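Asks: If it helps, the file is called start08.cif and holds mmCIF, C-alpha atoms:
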data_target
#
loop_
_atom_site.label_atom_id
_atom_site.label_comp_id
_atom_site.auth_asym_id
_atom_site.auth_seq_id
_atom_site.Cartn_x
_atom_site.Cartn_y
_atom_site.Cartn_z
CA MET A 1 2.60 -2.62 20.38
CA GLY A 2 2.71 -0.94 23.76
CA TYR A 3 1.69 -4.24 25.36
CA ALA A 4 4.28 -6.15 23.34
CA GLY A 5 7.01 -3.77 24.44
CA MET A 6 5.88 -4.00 28.06
CA PHE A 7 5.77 -7.82 28.18
CA MET A 8 8.99 -8.61 26.30
CA ASN A 9 11.64 -10.36 28.35
CA SER A 10 14.30 -8.48 26.45
CA GLU A 11 14.66 -4.95 25.17
CA VAL A 12 12.87 -4.14 21.92
CA HIS A 13 15.08 -2.22 19.49
CA ARG A 14 12.36 -0.32 17.61
CA ILE A 15 8.60 0.05 17.44
CA THR A 16 6.94 2.10 14.71
CA GLY A 17 3.45 3.24 15.61
CA LEU A 18 1.24 3.65 12.55
CA ASP A 19 -1.36 6.18 13.67
CA PRO A 20 -1.83 4.47 17.05
CA ALA A 21 -5.47 4.22 18.10
CA ARG A 22 -6.99 7.11 20.00
CA PRO A 23 -10.34 5.66 21.11
CA LEU A 24 -9.93 3.96 24.48
CA PHE A 25 -6.18 4.75 24.58
CA GLU A 26 -5.79 8.53 24.37
CA PHE A 27 -9.44 9.31 24.98
CA PRO A 28 -9.87 8.61 27.78
CA LEU A 29 -6.15 8.70 28.48
CA LEU A 30 -4.96 5.35 29.77
CA PRO A 31 -1.85 4.99 31.95
CA LYS A 32 1.36 4.72 29.91
CA ASP A 33 1.63 0.97 30.60
CA PHE A 34 -1.49 0.44 28.48
CA ARG A 35 -0.62 2.52 25.41
CA LEU A 36 2.31 2.95 23.08
CA GLU A 37 4.93 5.36 24.37
CA LYS A 38 8.68 5.84 24.34
CA SER A 39 9.58 3.45 27.18
CA ASP A 40 8.28 0.47 25.13
CA ALA A 41 11.43 0.25 22.98
CA ARG A 42 14.88 1.74 22.60
CA PHE A 43 13.43 3.83 19.75
CA VAL A 44 9.74 4.55 19.15
CA ASP A 45 8.74 6.47 16.04
CA ILE A 46 5.14 7.31 15.28
CA ILE A 47 3.44 8.40 12.07
CA HIS A 48 0.27 10.40 12.85
CA THR A 49 -2.27 10.60 10.01
CA CYS A 50 -5.65 10.98 11.73
CA GLY A 51 -4.72 12.59 15.04
CA GLY A 52 -7.54 13.63 17.33
CA TYR A 53 -10.03 11.36 15.58
CA PHE A 54 -8.98 7.72 15.09
CA GLY A 55 -5.32 8.23 16.03
CA TYR A 56 -3.20 9.80 18.77
CA LYS A 57 -3.14 13.56 18.61
CA TYR A 58 -0.11 14.21 20.80
CA SER A 59 3.51 13.09 20.73
CA GLN A 60 4.10 9.73 22.38
CA GLY A 61 7.36 8.52 20.82
CA HIS A 62 10.97 9.57 20.58
CA ALA A 63 10.20 10.86 17.07
CA ASP A 64 6.67 11.77 16.03
CA PHE A 65 5.91 12.49 12.37
CA TYR A 66 2.93 14.55 11.26
CA PRO A 67 2.42 14.26 7.48
CA ASN A 68 0.14 17.06 6.31
CA GLY A 69 -0.34 18.14 9.92
CA GLY A 70 -1.10 14.61 11.14
CA LYS A 71 -4.84 15.13 11.00
CA CYS A 72 -7.71 13.45 9.16
CA GLY A 73 -8.10 14.75 5.67
CA GLN A 74 -4.84 13.36 4.28
CA PRO A 75 -4.42 14.34 0.60
CA GLY A 76 -6.44 12.00 -1.60
CA CYS A 77 -8.83 11.00 1.21
CA PRO A 78 -12.33 12.37 0.56
CA ALA A 79 -14.04 13.61 3.73
CA HIS A 80 -17.02 11.29 3.26
CA ARG A 81 -14.73 8.23 3.39
CA GLU A 82 -13.31 8.85 6.87
CA LEU A 83 -16.14 7.16 8.75
CA ILE A 84 -16.60 4.42 6.13
CA ASP A 85 -13.06 3.17 5.58
CA SER A 86 -10.78 5.35 7.73
CA CYS A 87 -8.78 6.50 4.70
CA SER A 88 -6.53 8.92 6.62
CA HIS A 89 -6.05 6.53 9.53
CA GLY A 90 -4.88 3.80 7.13
CA ARG A 91 -2.65 6.18 5.21
CA SER A 92 0.09 5.77 7.85
CA VAL A 93 0.47 2.13 6.75
CA VAL A 94 0.67 3.17 3.11
CA TYR A 95 3.31 5.81 3.85
CA PHE A 96 5.43 3.36 5.83
CA ASN A 97 5.10 0.71 3.10
CA GLU A 98 6.25 3.19 0.47
CA SER A 99 9.17 4.19 2.68
CA ILE A 100 10.34 0.56 2.32
CA LEU A 101 9.49 0.05 -1.35
CA TYR A 102 11.08 3.23 -2.68
CA THR A 103 14.13 3.63 -0.44
CA LYS A 104 16.57 3.88 -3.35
CA ASN A 105 15.06 6.92 -5.04
CA ARG A 106 12.48 8.48 -2.76
CA GLY A 107 12.26 9.65 0.78
CA PHE A 108 9.65 11.23 2.98
CA THR A 109 11.68 14.30 3.93
CA ALA A 110 10.54 15.73 7.25
CA TYR A 111 11.65 18.72 9.29
CA PRO A 112 11.72 19.25 13.06
CA CYS A 113 9.33 21.97 14.10
CA GLU A 114 7.34 23.13 17.10
CA SER A 115 4.01 23.08 15.25
CA TRP A 116 2.27 22.54 11.91
CA LYS A 117 1.55 26.27 11.76
CA SER A 118 5.25 27.12 12.07
CA PHE A 119 6.08 24.52 9.43
CA GLU A 120 3.44 25.90 7.06
CA ASN A 121 4.84 29.40 7.59
CA GLY A 122 8.25 28.20 6.37
CA LEU A 123 9.99 28.54 9.73
CA CYS A 124 11.38 24.98 9.77
CA THR A 125 13.83 24.25 6.97
CA MET A 126 16.87 22.84 8.76
CA ASN A 127 17.94 19.43 10.13
CA LYS A 128 15.77 17.33 7.82
CA THR A 129 15.39 13.61 8.29
CA THR A 130 13.49 10.76 6.68
CA MET A 131 10.13 9.49 7.90
CA GLY A 132 9.49 5.76 7.82
CA TYR A 133 11.74 2.76 7.45
CA LEU A 134 15.00 4.72 7.07
CA VAL A 135 14.45 7.08 9.99
CA GLY A 136 17.62 7.79 11.92
CA ASP A 137 18.03 8.08 15.65
CA VAL A 138 16.24 11.42 15.92
CA ARG A 139 14.13 13.05 18.60
CA GLY A 140 11.20 15.44 18.47
CA ASP A 141 8.23 16.33 16.31
CA TYR A 142 8.62 16.37 12.51
CA TYR A 143 6.38 17.74 9.79
CA LEU A 144 6.11 17.13 6.05
CA HIS A 145 3.84 17.31 3.03
CA THR A 146 2.87 14.37 0.84
CA LYS A 147 1.28 13.97 -2.57
CA ASN A 148 -2.35 12.90 -2.89
CA ALA A 149 -1.68 9.66 -4.82
CA SER A 150 0.73 6.74 -4.74
CA LYS A 151 4.32 7.50 -4.63
CA TYR A 152 3.23 9.87 -1.91
CA ALA A 153 6.70 11.04 -0.96
CA ILE A 154 7.73 14.47 -2.11
CA PHE A 155 11.34 13.78 -2.85
CA ASN A 156 13.82 16.45 -1.89
CA GLU A 157 16.71 16.15 -4.32
CA ASN A 158 19.02 17.98 -1.93
CA TYR A 159 18.63 15.27 0.71
CA TYR A 160 21.04 12.36 0.83
CA TYR A 161 20.67 9.33 3.09
#
What is this file in structure tokens?

Replies:
Amino acid sequence: MGYAGMFMNSEVHRITGLDPARPLFEFPLLPKDFRLEKSDARFVDIIHTCGGYFGYKYSQGHADFYPNGGKCGQPGCPAHRELIDSCSHGRSVVYFNESILYTKNRGFTAYPCESWKSFENGLCTMNKTTMGYLVGDVRGDYYLHTKNASKYAIFNENYYY
């Protein structure tokens, strides 16, 4: 998608990176013209689900979402499956798909935070937003938990779109 954004003759409104590839893009780090990053579209949001392994580890978009810390080992993905079928890496696609399918009654509620550790320690409970299809024009790094099976979103009943 970084290439698509770079070669478009007009401005791209939005690109959603679904656990963008790490091998040969972030490791070794290629120049920004050759990988997805925030200058590729007016708004770039990224869902990290296997960061540091198959996917980007660091923020590259305007809004970067880190479900369950953004690392391999997403809930419901057995460790032995990571090398075989990239379960965590593919989970970003599943999360985004569910953000479209269940927009009327579910949302992936995410919170801005400086780190997963701070989020896990309960230090980030304000300014929530939605990860996925309904994301607003937000900036920064966002963290959230998911369930380990389909209808992955943990719906926050106090959140309204």

Asks: For the structure provided, state which residues fall under the PyMOL selection byres ((chain A and resi 131) around 10), and present them as a count of residues only.

Replies: 28

Asks: Residue by residue, what does the PyMOL selection byres ((chain A and resi 54-62) around 6) grab here? Present the result as a list in words.

Replies: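 For this structure, the PyMOL selection byres ((chain A and resi 54-62) around 6) captures Asp19, Pro20, Ala21, Arg22, Glu37, Lys38, Val44, Asp45, Cys50, Gly51, Gly52, Tyr53, Ala63, Asp64 and Arg139 of chain A.
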
Asks: Could you write out as a list in words the residues that the PyMOL selection byres ((chain A and resi 119) around 12) matches in the shown file?

Replies: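 For this structure, the PyMOL selection byres ((chain A and resi 119) around 12) resolves to Tyr66, Pro67, Asn68, Gly69, Ala110, Tyr111, Pro112, Cys113, Glu114, Ser115, Trp116, Lys117, Ser118, Glu120, Asn121, Gly122, Leu123, Cys124, Thr125, Met126, Asp141, Tyr142, Tyr143, Leu144 and His145 of chain A.
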
Asks: Rounded to one decimal place, report the CA of Gly140 in chain A-CA of Ala79 in chain A distance in Å.

Replies: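 Separation of CA of Gly140 in chain A and CA of Ala79 in chain A: 29.3 Å.
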
Asks: Go ahead and compute the interatomic distance for CA of Val138 in chain A and CA of Asn97 in chain A, in Å to one decimal.

Replies: 20.1 Å

Asks: Please measure the separation of CA of Ser92 in chain A and CA of Gly17 in chain A, giving the value in Å to one decimal.

Replies: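 Interatomic distance, CA of Ser92 in chain A to CA of Gly17 in chain A: 8.8 Å.
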
Asks: I need the residue nearest Glu98 in chain A from this list: A:Arg35, A:Ala41, A:Thr146, A:Arg14. Use only C-alpha atoms for the distance.

Replies: A:Thr146

Asks: Find the residue from A:His89, A:Lys151, A:Leu101, A:Asn127 that sits nearest to Leu18 in chain A; use all atoms listed in the file when measuring.

Replies: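 So, comparing all the options, the nearest one is A:His89.
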
Asks: Export N, CA, C and O atoms of range 103-130 of chain A from the structure just given, as an mmCIF file, in the first residue's frame?

Replies:
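Written output follows (selection_20.cif):
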data_model
loop_
_atom_site.group_PDB
_atom_site.id
_atom_site.type_symbol
_atom_site.label_atom_id
_atom_site.label_comp_id
_atom_site.auth_asym_id
_atom_site.auth_seq_id
_atom_site.Cartn_x
_atom_site.Cartn_y
_atom_site.Cartn_z
ATOM 1 N N THR A 103 -20.670 -3.266 12.969
ATOM 2 C CA THR A 103 -20.616 -1.842 13.312
ATOM 3 C C THR A 103 -21.822 -1.368 14.106
ATOM 4 O O THR A 103 -21.731 -0.410 14.847
ATOM 5 N N LYS A 104 -22.960 -2.012 13.964
ATOM 6 C CA LYS A 104 -24.164 -1.530 14.637
ATOM 7 C C LYS A 104 -24.202 -1.850 16.131
ATOM 8 O O LYS A 104 -24.840 -1.165 16.888
ATOM 9 N N ASN A 105 -23.541 -2.912 16.554
ATOM 10 C CA ASN A 105 -23.655 -3.276 17.959
ATOM 11 C C ASN A 105 -22.323 -3.587 18.646
ATOM 12 O O ASN A 105 -22.312 -3.925 19.803
ATOM 13 N N ARG A 106 -21.250 -3.483 17.949
ATOM 14 C CA ARG A 106 -19.950 -3.798 18.547
ATOM 15 C C ARG A 106 -18.914 -2.795 18.075
ATOM 16 O O ARG A 106 -18.982 -2.275 16.985
ATOM 17 N N GLY A 107 -17.929 -2.607 18.879
ATOM 18 C CA GLY A 107 -16.822 -1.767 18.493
ATOM 19 C C GLY A 107 -15.560 -2.214 19.191
ATOM 20 O O GLY A 107 -15.611 -2.692 20.318
ATOM 21 N N PHE A 108 -14.455 -2.083 18.509
ATOM 22 C CA PHE A 108 -13.165 -2.357 19.123
ATOM 23 C C PHE A 108 -12.736 -1.074 19.821
ATOM 24 O O PHE A 108 -12.147 -0.191 19.212
ATOM 25 N N THR A 109 -13.060 -0.944 21.078
ATOM 26 C CA THR A 109 -12.756 0.264 21.835
ATOM 27 C C THR A 109 -11.288 0.280 22.214
ATOM 28 O O THR A 109 -10.788 -0.652 22.840
ATOM 29 N N ALA A 110 -10.597 1.340 21.811
ATOM 30 C CA ALA A 110 -9.165 1.472 22.050
ATOM 31 C C ALA A 110 -8.881 2.788 22.761
ATOM 32 O O ALA A 110 -9.643 3.753 22.635
ATOM 33 N N TYR A 111 -7.774 2.821 23.479
ATOM 34 C CA TYR A 111 -7.416 3.988 24.278
ATOM 35 C C TYR A 111 -6.008 4.462 23.928
ATOM 36 O O TYR A 111 -5.096 3.647 23.781
ATOM 37 N N PRO A 112 -5.824 5.789 23.819
ATOM 38 C CA PRO A 112 -4.477 6.296 23.575
ATOM 39 C C PRO A 112 -3.604 6.060 24.811
ATOM 40 O O PRO A 112 -4.067 6.207 25.947
ATOM 41 N N CYS A 113 -2.373 5.654 24.551
ATOM 42 C CA CYS A 113 -1.474 5.368 25.668
ATOM 43 C C CYS A 113 -0.040 5.390 25.170
ATOM 44 O O CYS A 113 0.218 5.145 23.988
ATOM 45 N N GLU A 114 0.886 5.627 26.072
ATOM 46 C CA GLU A 114 2.293 5.675 25.670
ATOM 47 C C GLU A 114 2.910 4.294 25.510
ATOM 48 O O GLU A 114 3.905 4.142 24.808
ATOM 49 N N SER A 115 2.303 3.268 26.142
ATOM 50 C CA SER A 115 2.861 1.919 26.024
ATOM 51 C C SER A 115 1.831 0.881 26.456
ATOM 52 O O SER A 115 0.861 1.195 27.156
ATOM 53 N N TRP A 116 2.080 -0.370 26.069
ATOM 54 C CA TRP A 116 1.227 -1.484 26.481
ATOM 55 C C TRP A 116 1.296 -1.651 28.002
ATOM 56 O O TRP A 116 0.291 -1.911 28.658
ATOM 57 N N LYS A 117 2.476 -1.470 28.560
ATOM 58 C CA LYS A 117 2.638 -1.610 30.010
ATOM 59 C C LYS A 117 1.765 -0.594 30.748
ATOM 60 O O LYS A 117 1.087 -0.949 31.712
ATOM 61 N N SER A 118 1.767 0.642 30.306
ATOM 62 C CA SER A 118 0.931 1.667 30.939
ATOM 63 C C SER A 118 -0.544 1.331 30.786
ATOM 64 O O SER A 118 -1.331 1.494 31.725
ATOM 65 N N PHE A 119 -0.920 0.834 29.612
ATOM 66 C CA PHE A 119 -2.303 0.436 29.377
ATOM 67 C C PHE A 119 -2.697 -0.699 30.322
ATOM 68 O O PHE A 119 -3.749 -0.667 30.963
ATOM 69 N N GLU A 120 -1.847 -1.709 30.417
ATOM 70 C CA GLU A 120 -2.111 -2.853 31.286
ATOM 71 C C GLU A 120 -2.190 -2.449 32.758
ATOM 72 O O GLU A 120 -2.894 -3.090 33.534
ATOM 73 N N ASN A 121 -1.491 -1.396 33.135
ATOM 74 C CA ASN A 121 -1.520 -0.910 34.513
ATOM 75 C C ASN A 121 -2.702 0.022 34.778
ATOM 76 O O ASN A 121 -2.780 0.620 35.848
ATOM 77 N N GLY A 122 -3.599 0.157 33.783
ATOM 78 C CA GLY A 122 -4.808 0.951 33.977
ATOM 79 C C GLY A 122 -4.609 2.455 33.934
ATOM 80 O O GLY A 122 -5.457 3.209 34.417
ATOM 81 N N LEU A 123 -3.514 2.899 33.347
ATOM 82 C CA LEU A 123 -3.214 4.334 33.315
ATOM 83 C C LEU A 123 -3.846 5.070 32.136
ATOM 84 O O LEU A 123 -3.723 6.286 32.046
ATOM 85 N N CYS A 124 -4.522 4.340 31.249
ATOM 86 C CA CYS A 124 -5.053 4.953 30.029
ATOM 87 C C CYS A 124 -6.531 4.609 29.894
ATOM 88 O O CYS A 124 -6.887 3.561 29.350
ATOM 89 N N THR A 125 -7.379 5.473 30.382
ATOM 90 C CA THR A 125 -8.823 5.200 30.390
ATOM 91 C C THR A 125 -9.647 6.339 29.803
ATOM 92 O O THR A 125 -10.872 6.325 29.902
ATOM 93 N N MET A 126 -8.999 7.299 29.194
ATOM 94 C CA MET A 126 -9.696 8.475 28.659
ATOM 95 C C MET A 126 -9.532 8.542 27.137
ATOM 96 O O MET A 126 -8.637 7.935 26.572
ATOM 97 N N ASN A 127 -10.398 9.325 26.498
ATOM 98 C CA ASN A 127 -10.306 9.626 25.064
ATOM 99 C C ASN A 127 -10.349 8.386 24.179
ATOM 100 O O ASN A 127 -9.583 8.255 23.225
ATOM 101 N N LYS A 128 -11.261 7.478 24.478
ATOM 102 C CA LYS A 128 -11.367 6.247 23.693
ATOM 103 C C LYS A 128 -11.827 6.527 22.267
ATOM 104 O O LYS A 128 -12.435 7.545 21.977
ATOM 105 N N THR A 129 -11.482 5.598 21.407
ATOM 106 C CA THR A 129 -11.877 5.667 20.005
ATOM 107 C C THR A 129 -12.179 4.242 19.539
ATOM 108 O O THR A 129 -12.091 3.303 20.315
ATOM 109 N N THR A 130 -12.500 4.094 18.273
ATOM 110 C CA THR A 130 -12.802 2.787 17.714
ATOM 111 C C THR A 130 -11.717 2.380 16.726
ATOM 112 O O THR A 130 -11.355 3.152 15.850
#
